[in-house]
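One structure is given here, and the rest of the page talks about it.
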Amino acid sequence: MVVTAIRQEVTVSALPPQIAFADVTLDLGGRTIIENLSLGVRPGEFLCIVGASGCGKTTALRLAAGLYQPTSGKVNFDGQPMTHPRREIAIVFQDYGKALLPWRNAAGNVSLALEAAGMPAARRPARIEELLRTVGLPGHAGKYPTEMSGGMQQRLQIARCLAQEPKTLLMDEPFGALDAMTRQGLQDEVLALVAASGASVIFVTHDLDEAIYLGDRVVGLLPHPGRIGIELTVNLPRPRDQLSTRETPEFLRLRRQLFDFIKATES
Amino acid sequence: MNLGNAKDKVKALVLPLALLLAFEAWARASDLQSDSLAPPSAIITALAGAFADLSILAATRDTLFSAFTGLALGSMIGLAFGIAFGISDVLNRLMEVTIEAIRPIPSIALLPIALIALGFGYRMEILIVAFACVWPVLILSRAAVRGIEPRLIEVSRALRLPGAQRVWKIIIPAALPRIFVAFRLSAGIALIVAVTVEIAINPLGLGAGIMLAQQALRPDLMLAYLVWIGIIGYALNILLVVAQHRLFGRAALSGDSP
């Protein structure tokens, strides 16, 4: 058992990274936001990025999305340089209220991604219904974002991202604005969705427990300018459980290590 | 609440009505003989007469045709440029000096040129109205496009929405409430400019009607035209405000996108 586990680990590590940051530096407005960042995300891997505010977490995610171009260094996707955003990479923004089109209902918002991908109109309704069911919003197709709770709006944004059939899902503090119960529910749903789709994930959060609970690997960034300060591999069994996983000694050990790191960066 | 509003409206009418009555009484008492003033009763009679011989309706048709055609033309041009300048910083910077140089030209100052180029008639008037209507729509729609939630633009980029779809599905709907405010503004301007052109030179419409009445020494008819133009302007604004409410709800009135 132990041997096979290690072998699996080796084969996963041997895969070429799907998204690779090679010595990436980004200057914005005369300030260096990110400096010499090298980072790889393997296919199917769940990578969490944590760090104090202003450490460039969100900026790193925008680089991975192709929304920013590095000042120097390279960001590659499947071995090709990211010169622009790609449909295989979907991004879930933190401020769901701003990222959804208020003049379109739930079905219309999901449809936008399908329209962008050029799916014929006749095939869209069935796909939209399927996606809304996947994220737990069946029967809400006709609702407008303003008529939905925060949790429902974030589910809707996730549905739109899944409509892209992404190979990589980028998530920018997606649950930061939600209450604790909604957040835990969505954490488990995202883990299940990701496991089912096989997509790799880069998940930015300031919640250290969330990072360990979700991630295969957690990277902690140092601020001013953003660079890697710590990298932890999370060897917690899957599927994870909100209660038992969080009570394991390994979880607590990682939690302590990460808290110490953040504390040190803030002092 | 509604009752209070109705009461307030009645109260607001009391003073103007009292003034009109006082004016009427004074005009009768003093046996008013004037080339510029006429008692309200005479104005109403003249207005009724102008309706009876259909002359004011024909004039209204001419003025509104020119005003609306010019408004449509000017708004479309203003909207196209406003969106283009709002999207492209480079384009905006290239054109900024040109725009700022042309914009302050009073539209009516184009009259001599337009007259030489197009002669009397609808076309000349439409051109001048269109020129006046371009600017509010251009400036406000440019600001509206620039003010669009940047997250929506990022979403459209992340989805790789093609350029035309990005304009049609994201930018125009997001900016529409504020673009409509600009359109309302331009509609008022269109009416003013159309009547001005008619008063100045074009033998058409309500403005020409006023001039004709003045030259015929008919102050009652002249003032009847004036009252009618006021009613049209008022009605037009109410119509557009109602449309704005219907289309965009409360959000539109503050000029924000919903």
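Labels for the structure tokens follow display order: chains A, B, ..., residues from 1 in each chain, ligands from 1.
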
Review point. Once you count only C-alpha atoms, which residues of chain B turn out to be within 10 Å of chain A? Could you give them as an MDAnalysis selection string?
Key: chainID B and resid 149:162 165:166 169:170 173:174 248 257:258

Shell of 12 Å around segment 38-44 of chain A, only C-alpha atoms, local chain residues under 5 positions omitted, as a PDB file with C-alpha atoms, in the first residue's frame:
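Written output follows (selection.pdb):
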```pdb
ATOM      1  CA  GLU A   9       2.978  10.435  -5.995  1.00  0.00           C
ATOM      2  CA  THR A  11       3.926   9.638 -11.430  1.00  0.00           C
ATOM      3  CA  VAL A  12       1.895  12.716 -10.603  1.00  0.00           C
ATOM      4  CA  SER A  13       5.044  14.713  -9.938  1.00  0.00           C
ATOM      5  CA  ALA A  14       6.549  13.469 -13.172  1.00  0.00           C
ATOM      6  CA  LEU A  15       3.746  14.932 -15.229  1.00  0.00           C
ATOM      7  CA  PRO A  16       4.683  18.223 -16.856  1.00  0.00           C
ATOM      8  CA  PRO A  17       2.967  21.141 -15.140  1.00  0.00           C
ATOM      9  CA  GLN A  18      -0.210  22.443 -16.725  1.00  0.00           C
ATOM     10  CA  ILE A  19       0.363  25.997 -15.598  1.00  0.00           C
ATOM     11  CA  ALA A  20       3.980  26.933 -15.021  1.00  0.00           C
ATOM     12  CA  PHE A  21       5.331  30.229 -13.716  1.00  0.00           C
ATOM     13  CA  ALA A  22       9.012  30.537 -14.655  1.00  0.00           C
ATOM     14  CA  ASP A  23      10.830  33.316 -12.828  1.00  0.00           C
ATOM     15  CA  VAL A  24       7.869  35.657 -13.180  1.00  0.00           C
ATOM     16  CA  THR A  25       8.197  39.314 -12.194  1.00  0.00           C
ATOM     17  CA  ILE A  49      -2.139  30.155  -2.335  1.00  0.00           C
ATOM     18  CA  ALA A  60      -0.667  35.829  -9.335  1.00  0.00           C
ATOM     19  CA  LEU A  61      -4.073  34.433 -10.202  1.00  0.00           C
ATOM     20  CA  LEU A  63      -1.251  36.202 -14.343  1.00  0.00           C
ATOM     21  CA  ALA A  64      -2.340  32.567 -14.455  1.00  0.00           C
ATOM     22  CA  SER A  72       9.757  39.404 -17.145  1.00  0.00           C
ATOM     23  CA  GLY A  73       9.713  35.644 -16.983  1.00  0.00           C
ATOM     24  CA  LYS A  74       7.098  33.378 -18.478  1.00  0.00           C
ATOM     25  CA  VAL A  75       3.728  31.890 -17.687  1.00  0.00           C
ATOM     26  CA  ASN A  76       3.076  28.732 -19.702  1.00  0.00           C
ATOM     27  CA  PHE A  77      -0.080  26.704 -20.127  1.00  0.00           C
ATOM     28  CA  ASP A  78       0.397  23.165 -21.451  1.00  0.00           C
ATOM     29  CA  GLY A  79       3.860  24.210 -22.569  1.00  0.00           C
ATOM     30  CA  PRO A 166     -11.965  24.292 -18.034  1.00  0.00           C
ATOM     31  CA  LYS A 167      -8.786  22.289 -17.667  1.00  0.00           C
ATOM     32  CA  THR A 168      -7.812  24.721 -14.941  1.00  0.00           C
ATOM     33  CA  LEU A 169     -10.071  26.505 -12.528  1.00  0.00           C
ATOM     34  CA  LEU A 170      -8.766  29.655 -10.887  1.00  0.00           C
ATOM     35  CA  LEU A 191     -13.979  19.447  -4.089  1.00  0.00           C
ATOM     36  CA  LEU A 193     -16.942  19.069  -8.757  1.00  0.00           C
ATOM     37  CA  VAL A 194     -13.200  19.277  -9.244  1.00  0.00           C
ATOM     38  CA  ALA A 195     -12.730  15.560  -8.546  1.00  0.00           C
ATOM     39  CA  ALA A 196     -15.427  14.779 -11.114  1.00  0.00           C
ATOM     40  CA  SER A 197     -14.040  17.077 -13.815  1.00  0.00           C
ATOM     41  CA  GLY A 198     -10.351  16.326 -13.275  1.00  0.00           C
ATOM     42  CA  ALA A 199      -9.501  20.008 -13.594  1.00  0.00           C
ATOM     43  CA  SER A 200      -6.534  21.452 -11.779  1.00  0.00           C
ATOM     44  CA  VAL A 201      -7.237  24.314  -9.410  1.00  0.00           C
ATOM     45  CA  ILE A 202      -5.408  27.347  -8.150  1.00  0.00           C
ATOM     46  CA  PHE A 203      -7.320  28.572  -5.129  1.00  0.00           C
ATOM     47  CA  GLY A 215      -5.416  21.688  -1.136  1.00  0.00           C
ATOM     48  CA  ASP A 216      -2.965  19.047  -2.279  1.00  0.00           C
ATOM     49  CA  ARG A 217      -0.339  21.712  -1.809  1.00  0.00           C
ATOM     50  CA  VAL A 218      -0.337  25.072  -0.069  1.00  0.00           C
ATOM     51  CA  VAL A 219       1.986  27.890  -1.078  1.00  0.00           C
ATOM     52  CA  GLY A 220       2.439  30.844   1.262  1.00  0.00           C
ATOM     53  CA  LEU A 221       3.550  34.121  -0.301  1.00  0.00           C
ATOM     54  CA  GLY A 226       5.161  38.852  -3.625  1.00  0.00           C
ATOM     55  CA  ARG A 227       7.381  35.771  -3.616  1.00  0.00           C
ATOM     56  CA  ILE A 228       7.190  32.233  -2.293  1.00  0.00           C
ATOM     57  CA  GLY A 229       7.873  31.929   1.434  1.00  0.00           C
ATOM     58  CA  ILE A 230       6.685  28.440   2.242  1.00  0.00           C
ATOM     59  CA  GLU A 231       5.454  25.401   0.364  1.00  0.00           C
TER      60      GLU A 231
END
```

Skipping near chain neighbours, those fewer than 5 positions away, what residues fall within 8 Å of segment 107-116 of chain B using only C-alpha atoms, listed as a tab-separated table (two decimals) with N, CA and C atoms, in the first residue's frame?
```
chain	number	residue	atom	x	y	z
B	124	MET	N	-31.14	70.64	-44.12
B	124	MET	CA	-30.27	71.60	-43.43
B	124	MET	C	-30.57	71.60	-41.93
B	127	LEU	N	-29.37	68.39	-40.22
B	127	LEU	CA	-27.91	68.38	-40.04
B	127	LEU	C	-27.51	69.16	-38.79
B	128	ILE	N	-28.11	70.33	-38.62
B	128	ILE	CA	-27.73	71.17	-37.48
B	128	ILE	C	-28.19	70.55	-36.16
B	129	VAL	N	-29.40	69.98	-36.16
B	129	VAL	CA	-29.88	69.30	-34.96
B	129	VAL	C	-28.95	68.11	-34.63
B	131	PHE	N	-25.84	67.70	-35.35
B	131	PHE	CA	-24.56	68.19	-34.82
B	131	PHE	C	-24.69	68.49	-33.33
B	132	ALA	N	-25.81	69.13	-32.95
B	132	ALA	CA	-25.99	69.50	-31.55
B	132	ALA	C	-26.19	68.26	-30.68
B	193	VAL	N	-32.97	73.28	-30.72
B	193	VAL	CA	-32.19	73.65	-31.90
B	193	VAL	C	-33.08	73.71	-33.14
B	196	THR	N	-35.01	76.87	-33.05
B	196	THR	CA	-34.10	78.00	-33.26
B	196	THR	C	-33.77	78.17	-34.75
B	197	VAL	N	-33.47	77.05	-35.41
B	197	VAL	CA	-33.15	77.12	-36.84
B	197	VAL	C	-34.34	77.68	-37.61
```

Point to revise | helix (DSSP H, G or I) positions in segment 8-212 of chain A, given as a ChimeraX atom specification | key: /A:8-14,57-65,96-99,106-116,121-134,145-147,150-163,180-197,208-212

Practice item. Pick out each residue of segment 50-176 of chain A that DSSP on the backbone tags as strand (DSSP E or B); I need them as a PyMOL selection string. Key: chain A and resi 50-51+72-77+80-81+89-92+168-172

Review point. Could you pull the residues within 7 Å of Phe183 of chain B, counting only C-alpha atoms, minus those fewer than 4 positions along the same chain, as number ranges by chain?
Key: B: 75, 137, 179, 187

Check your understanding: Leaving out Ile33 of chain A and any residue of its chain fewer than 6 positions from it, which residues lie within 6 Å of it when counting only C-alpha atoms, given as a VMD selection string?
Key -> chain A and resid 26 to 27 225 to 226

Point to revise | Residue nearest Gly147 of chain B among B:Gly119, B:Pro203, B:Ile83, B:Ile105 (counting only C-alpha atoms) | key: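 Among the listed residues, B:Ile83 lies closest to Gly147 of chain B.
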
Point to revise | Long-range neighbours of segment 216-221 of chain B as a PyMOL selection string, 6 Å cut-off, only C-alpha atoms, 6 positions minimum in chain | key: chain B and resi 35-38+42-43+46

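For the pair atom CA of Ala107 of chain A and atom CA of Glu129 of chain A, the interatomic distance is 7.7 Å.
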
Review point. Just how far from atom CA of Ile87 of chain B is atom CA of Ile148 of chain B, in Å to one decimal?
Key: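 Those two atoms sit 10.2 Å apart.
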
Review point. For Phe261 of chain A, which residue out of A:Gln242, A:Arg31, A:Gly51, A:Pro145 is the nearest one, using only C-alpha atoms?
Key: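 Selected residue with least distance to Phe261 of chain A: A:Gly51.
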
Study note, to complete from the structure: Here atom CA of Asp172 of chain A and atom CA of Val204 of chain A stand apart by 4.9 Å

Practice item. Do a neighbour search on Glu130 of chain A at 12 Å with only C-alpha atoms, toss out local chain neighbours closer than 2 positions, and write the hits as a ChimeraX atom specification. Key: /A:107,110-111,123-128,132-139,141,159-160,162-163

Residues from last step as file, C-alpha atoms, as a PDB file, in the first residue's frame:
```
ATOM      1  CA  ALA A 107     -29.719  30.766 -17.424  1.00  0.00           C
ATOM      2  CA  VAL A 110     -24.445  30.566 -17.884  1.00  0.00           C
ATOM      3  CA  SER A 111     -25.384  30.952 -21.530  1.00  0.00           C
ATOM      4  CA  ARG A 123     -28.043  22.923 -27.767  1.00  0.00           C
ATOM      5  CA  ARG A 124     -27.675  25.534 -25.038  1.00  0.00           C
ATOM      6  CA  PRO A 125     -30.840  25.063 -22.940  1.00  0.00           C
ATOM      7  CA  ALA A 126     -30.116  21.424 -22.111  1.00  0.00           C
ATOM      8  CA  ARG A 127     -26.520  22.191 -21.195  1.00  0.00           C
ATOM      9  CA  ILE A 128     -27.569  25.187 -19.067  1.00  0.00           C
ATOM     10  CA  LEU A 132     -27.398  24.642 -12.986  1.00  0.00           C
ATOM     11  CA  ARG A 133     -28.269  21.233 -11.561  1.00  0.00           C
ATOM     12  CA  THR A 134     -24.579  20.440 -11.078  1.00  0.00           C
ATOM     13  CA  VAL A 135     -24.057  23.499  -8.892  1.00  0.00           C
ATOM     14  CA  GLY A 136     -27.285  22.970  -6.965  1.00  0.00           C
ATOM     15  CA  LEU A 137     -29.407  25.627  -8.640  1.00  0.00           C
ATOM     16  CA  PRO A 138     -32.075  23.586 -10.421  1.00  0.00           C
ATOM     17  CA  GLY A 139     -35.300  25.529 -10.835  1.00  0.00           C
ATOM     18  CA  ALA A 141     -32.905  29.438 -14.164  1.00  0.00           C
ATOM     19  CA  ALA A 159     -21.699  27.170 -13.179  1.00  0.00           C
ATOM     20  CA  ARG A 160     -20.636  29.732 -15.762  1.00  0.00           C
ATOM     21  CA  LEU A 162     -17.851  25.022 -15.583  1.00  0.00           C
ATOM     22  CA  ALA A 163     -19.628  25.870 -18.854  1.00  0.00           C
TER      23      ALA A 163
END
```
